[in-house]
Amino acid sequence: MKHLPNALTLANLFCGCCAILHILYWQPETAALFTAGSFLFDYLDGMVARALKVSSPLGKELDSLADVVSFGVVPGAMLYQLLAGPAVLVPGSQAIMIQWQALPAFILTAFSAFRLGKFNLDTRQTSYFLGLSTPACTVFVMGLTLGITHNRFGIGEWMAEPWIIYGLIAVLSWLLVSEVPMFGMKINRLDWKSNALIMIFLALLVGLSILLKELALSAIIVCYIILSVIQKKKILEG
């Protein structure tokens with residue numbers, strides 16, 4: 001049983017790899033489902049470890065390594081595909097040409113890895129985060145990708161503009177490594193008081209989903225960032 005948390009962490013990594021594969025074949029809906037699996041296993045590994053009262057340096061390292069893939073490479077790959085546009089074949093072959101203008105998408109991956117390494121060494125981030133968490137960043141990118149893919153409310157016509165995506169990469173990269181305090185969204189105990197904020201956000205997500213469809217994923221992260229900035233003092237006071 002002591003290896004169950006690590007198995008859940010590896011399941012997170014497996015789902016992340018599957019998501020990347022579906023992004024490469026531009027099947028964003030399926031990629032989103034596998035990414036949701038990564039979120040589920042990422043929550044479960046910590047809960048199970050606490051329930052079993054087991055922890056190890058290996059588990060901590062595995063968690064970060066899995067997150068680099070599921071919440072670092074995955075959003076980078078999504079943004080790459082948005083910037084790359086339709087596949088272009090190498091003349092005289094079936095190989096797809098690398099779109100160099102889309103490579104800056106992986107700057108977000110690099111900052112995600114930097115953030116995860118920084119988080120492992122930062123003893124302040126116990127009940128809250130400093131900067132945007134990599135899962136939250138991934139949720140935003142996933143909502144944007146699905147919204148553009150389905151051209152929800154016509155945003156696909158302008159949100160897919162390269163300069164907008166480059167701008168988002170810069171903003172998200174900064175938020176990942178910033179010192180802005182943000183609410184922790186981990187489920188530590190199964191009671192209302194400890195998880196009230198999470199439940200409120202889930203209810204808000206359901207409401208926004210009815211109105212905004214896939215874009216609700218991005219909207220809820222914007223709400224999360226704004227609320228965290230407004231409640232900065234309360235967050236730091238614990």
# chains A, B, ... in the order shown; residues from 1 in each chain; ligands from 1

call {"tool": "select_by_dssp", "arguments": {"residues": "chain A", "states": "helix (DSSP H, G or I)", "output": "MDAnalysis selection string"}}
result
chainID A and resid 4:24 28:52 57:84 100:121 134:149 152:157 162:177 192:230 232:237

call {"tool": "atom_distance", "arguments": {"atom1": "atom CA of A:Thr35", "atom2": "atom CA of A:Met199"}}
result
20.5 Å

call {"tool": "closest_atom_pairs", "arguments": {"of": "stretch 138-226 of chain A", "to": "stretch 100-103 of chain A", "cutoff": "12 Å", "atoms": "only C-alpha atoms", "output": "tab-separated table"}}
result
residue	atom	partner	partner_atom	distance
A:Ala160	CA	A:Ala102	CA	12.0
A:Glu161	CA	A:Ala102	CA	11.8
A:Pro162	CA	A:Ala102	CA	8.6
A:Trp163	CA	A:Gln101	CA	11.0
A:Ile165	CA	A:Ala102	CA	9.8
A:Tyr166	CA	A:Ala102	CA	9.2
A:Ile169	CA	A:Ala102	CA	11.2

call {"tool": "write_last_selection", "arguments": {"atoms": "N, CA and C atoms", "output": "short mmCIF file (atom, residue, chain, number, x, y, z; two decimals), in the first residue's frame"}}
result
data_model
loop_
_atom_site.label_atom_id
_atom_site.label_comp_id
_atom_site.auth_asym_id
_atom_site.auth_seq_id
_atom_site.Cartn_x
_atom_site.Cartn_y
_atom_site.Cartn_z
N ALA A 160 -6.62 33.43 -32.04
CA ALA A 160 -5.54 32.62 -32.62
C ALA A 160 -4.46 33.48 -33.27
N GLU A 161 -4.61 34.80 -33.21
CA GLU A 161 -3.58 35.68 -33.74
C GLU A 161 -2.27 35.44 -32.99
N PRO A 162 -1.17 35.24 -33.70
CA PRO A 162 0.10 34.93 -33.03
C PRO A 162 0.49 35.94 -31.96
N TRP A 163 0.29 37.22 -32.20
CA TRP A 163 0.75 38.21 -31.22
C TRP A 163 -0.02 38.09 -29.91
N ILE A 165 -1.23 35.17 -28.71
CA ILE A 165 -0.71 33.96 -28.05
C ILE A 165 0.68 34.21 -27.48
N TYR A 166 1.52 34.94 -28.23
CA TYR A 166 2.85 35.29 -27.70
C TYR A 166 2.70 36.10 -26.41
N ILE A 169 1.73 33.82 -23.58
CA ILE A 169 2.89 33.04 -23.14
C ILE A 169 3.74 33.86 -22.18
#

call {"tool": "atom_distance", "arguments": {"atom1": "atom CA of A:Trp174", "atom2": "atom CA of A:Val68"}}
result
16.8 Å

call {"tool": "residues_around", "arguments": {"residues": "A:Gly131", "least_positions_apart": "5", "cutoff": "9 Å", "atoms": "only C-alpha atoms", "output": "ChimeraX atom specification"}}
result
/A:115,174-182

call {"tool": "residues_around", "arguments": {"residues": "A:Phe14", "least_positions_apart": "2", "cutoff": "10 Å", "atoms": "only C-alpha atoms", "output": "VMD selection string"}}
result
chain A and resid 8 to 12 16 to 19 34 to 35 37 to 38 66 69 to 70

call {"tool": "write_last_selection", "arguments": {"atoms": "C-alpha atoms", "output": "short mmCIF file (atom, residue, chain, number, x, y, z; two decimals), in the first residue's frame"}}
result
data_model
loop_
_atom_site.label_atom_id
_atom_site.label_comp_id
_atom_site.auth_asym_id
_atom_site.auth_seq_id
_atom_site.Cartn_x
_atom_site.Cartn_y
_atom_site.Cartn_z
CA LEU A 8 -1.06 7.36 -8.79
CA THR A 9 1.71 9.84 -9.59
CA LEU A 10 2.88 7.62 -12.45
CA ALA A 11 -0.73 7.41 -13.66
CA ASN A 12 -0.66 11.21 -13.81
CA GLY A 16 0.12 13.45 -19.63
CA CYS A 17 2.01 11.42 -22.23
CA CYS A 18 -1.27 10.29 -23.81
CA ALA A 19 -2.47 13.90 -23.89
CA PHE A 34 -6.39 12.71 -20.58
CA THR A 35 -5.33 16.00 -19.00
CA GLY A 37 -7.09 12.34 -15.77
CA SER A 38 -3.75 13.93 -14.86
CA ALA A 66 5.15 13.95 -13.66
CA VAL A 69 5.05 16.60 -18.43
CA SER A 70 1.34 16.85 -17.58
#

call {"tool": "residues_around", "arguments": {"residues": "A:Pro57", "least_positions_apart": "5", "cutoff": "12 Å", "atoms": "only C-alpha atoms", "output": "ChimeraX atom specification"}}
result
/A:6,62-64,120

call {"tool": "closest_residue", "arguments": {"among": "A:Leu58, A:Ala7, A:Ile155, A:Ala32", "to": "A:Leu44", "atoms": "only C-alpha atoms"}}
result
A:Ala7

call {"tool": "residues_around", "arguments": {"residues": "A:Phe71", "least_positions_apart": "4", "cutoff": "9 Å", "atoms": "only C-alpha atoms", "output": "compact mmCIF listing (two decimals) with N, CA and C atoms, in the first residue's frame"}}
result
# COMPACT_ATOMS: atom_id res chain seq x y z
N GLY A 16 -0.53 12.31 -18.98
CA GLY A 16 0.12 13.45 -19.63
C GLY A 16 0.74 13.06 -20.95
N THR A 35 -5.84 14.99 -19.92
CA THR A 35 -5.33 16.00 -19.00
C THR A 35 -6.19 16.04 -17.74
N SER A 38 -4.96 13.49 -15.57
CA SER A 38 -3.75 13.93 -14.86
C SER A 38 -4.12 14.73 -13.62
N PHE A 39 -5.10 15.63 -13.77
CA PHE A 39 -5.56 16.42 -12.62
C PHE A 39 -6.08 15.50 -11.51
N ALA A 66 6.41 14.19 -12.98
CA ALA A 66 5.15 13.95 -13.66
C ALA A 66 4.48 15.28 -14.04
N ASP A 67 4.54 16.25 -13.12
CA ASP A 67 3.90 17.54 -13.37
C ASP A 67 4.58 18.31 -14.50
N PRO A 75 0.59 21.99 -21.91
CA PRO A 75 0.14 23.32 -22.36
C PRO A 75 1.07 23.92 -23.41
N GLY A 76 2.38 23.62 -23.31
CA GLY A 76 3.31 24.10 -24.33
C GLY A 76 2.97 23.52 -25.70
N THR A 109 6.71 25.94 -21.14
CA THR A 109 7.16 24.67 -20.56
C THR A 109 8.40 24.88 -19.69
N SER A 112 7.44 26.54 -16.54
CA SER A 112 6.71 25.59 -15.69
C SER A 112 7.70 24.71 -14.92
N THR A 134 1.15 25.30 -11.84
CA THR A 134 1.19 24.73 -13.20
C THR A 134 -0.15 24.08 -13.59
N PRO A 135 -0.88 23.42 -12.68
CA PRO A 135 -2.19 22.90 -13.09
C PRO A 135 -3.16 24.02 -13.49
N ALA A 136 -3.15 25.13 -12.74
CA ALA A 136 -4.04 26.25 -13.07
C ALA A 136 -3.69 26.83 -14.43
N CYS A 137 -2.40 26.95 -14.71
CA CYS A 137 -1.94 27.44 -16.01
C CYS A 137 -2.43 26.52 -17.13
N THR A 138 -2.35 25.22 -16.89
CA THR A 138 -2.79 24.23 -17.88
C THR A 138 -4.29 24.33 -18.14
N VAL A 139 -5.06 24.53 -17.08
CA VAL A 139 -6.52 24.69 -17.23
C VAL A 139 -6.82 25.89 -18.13
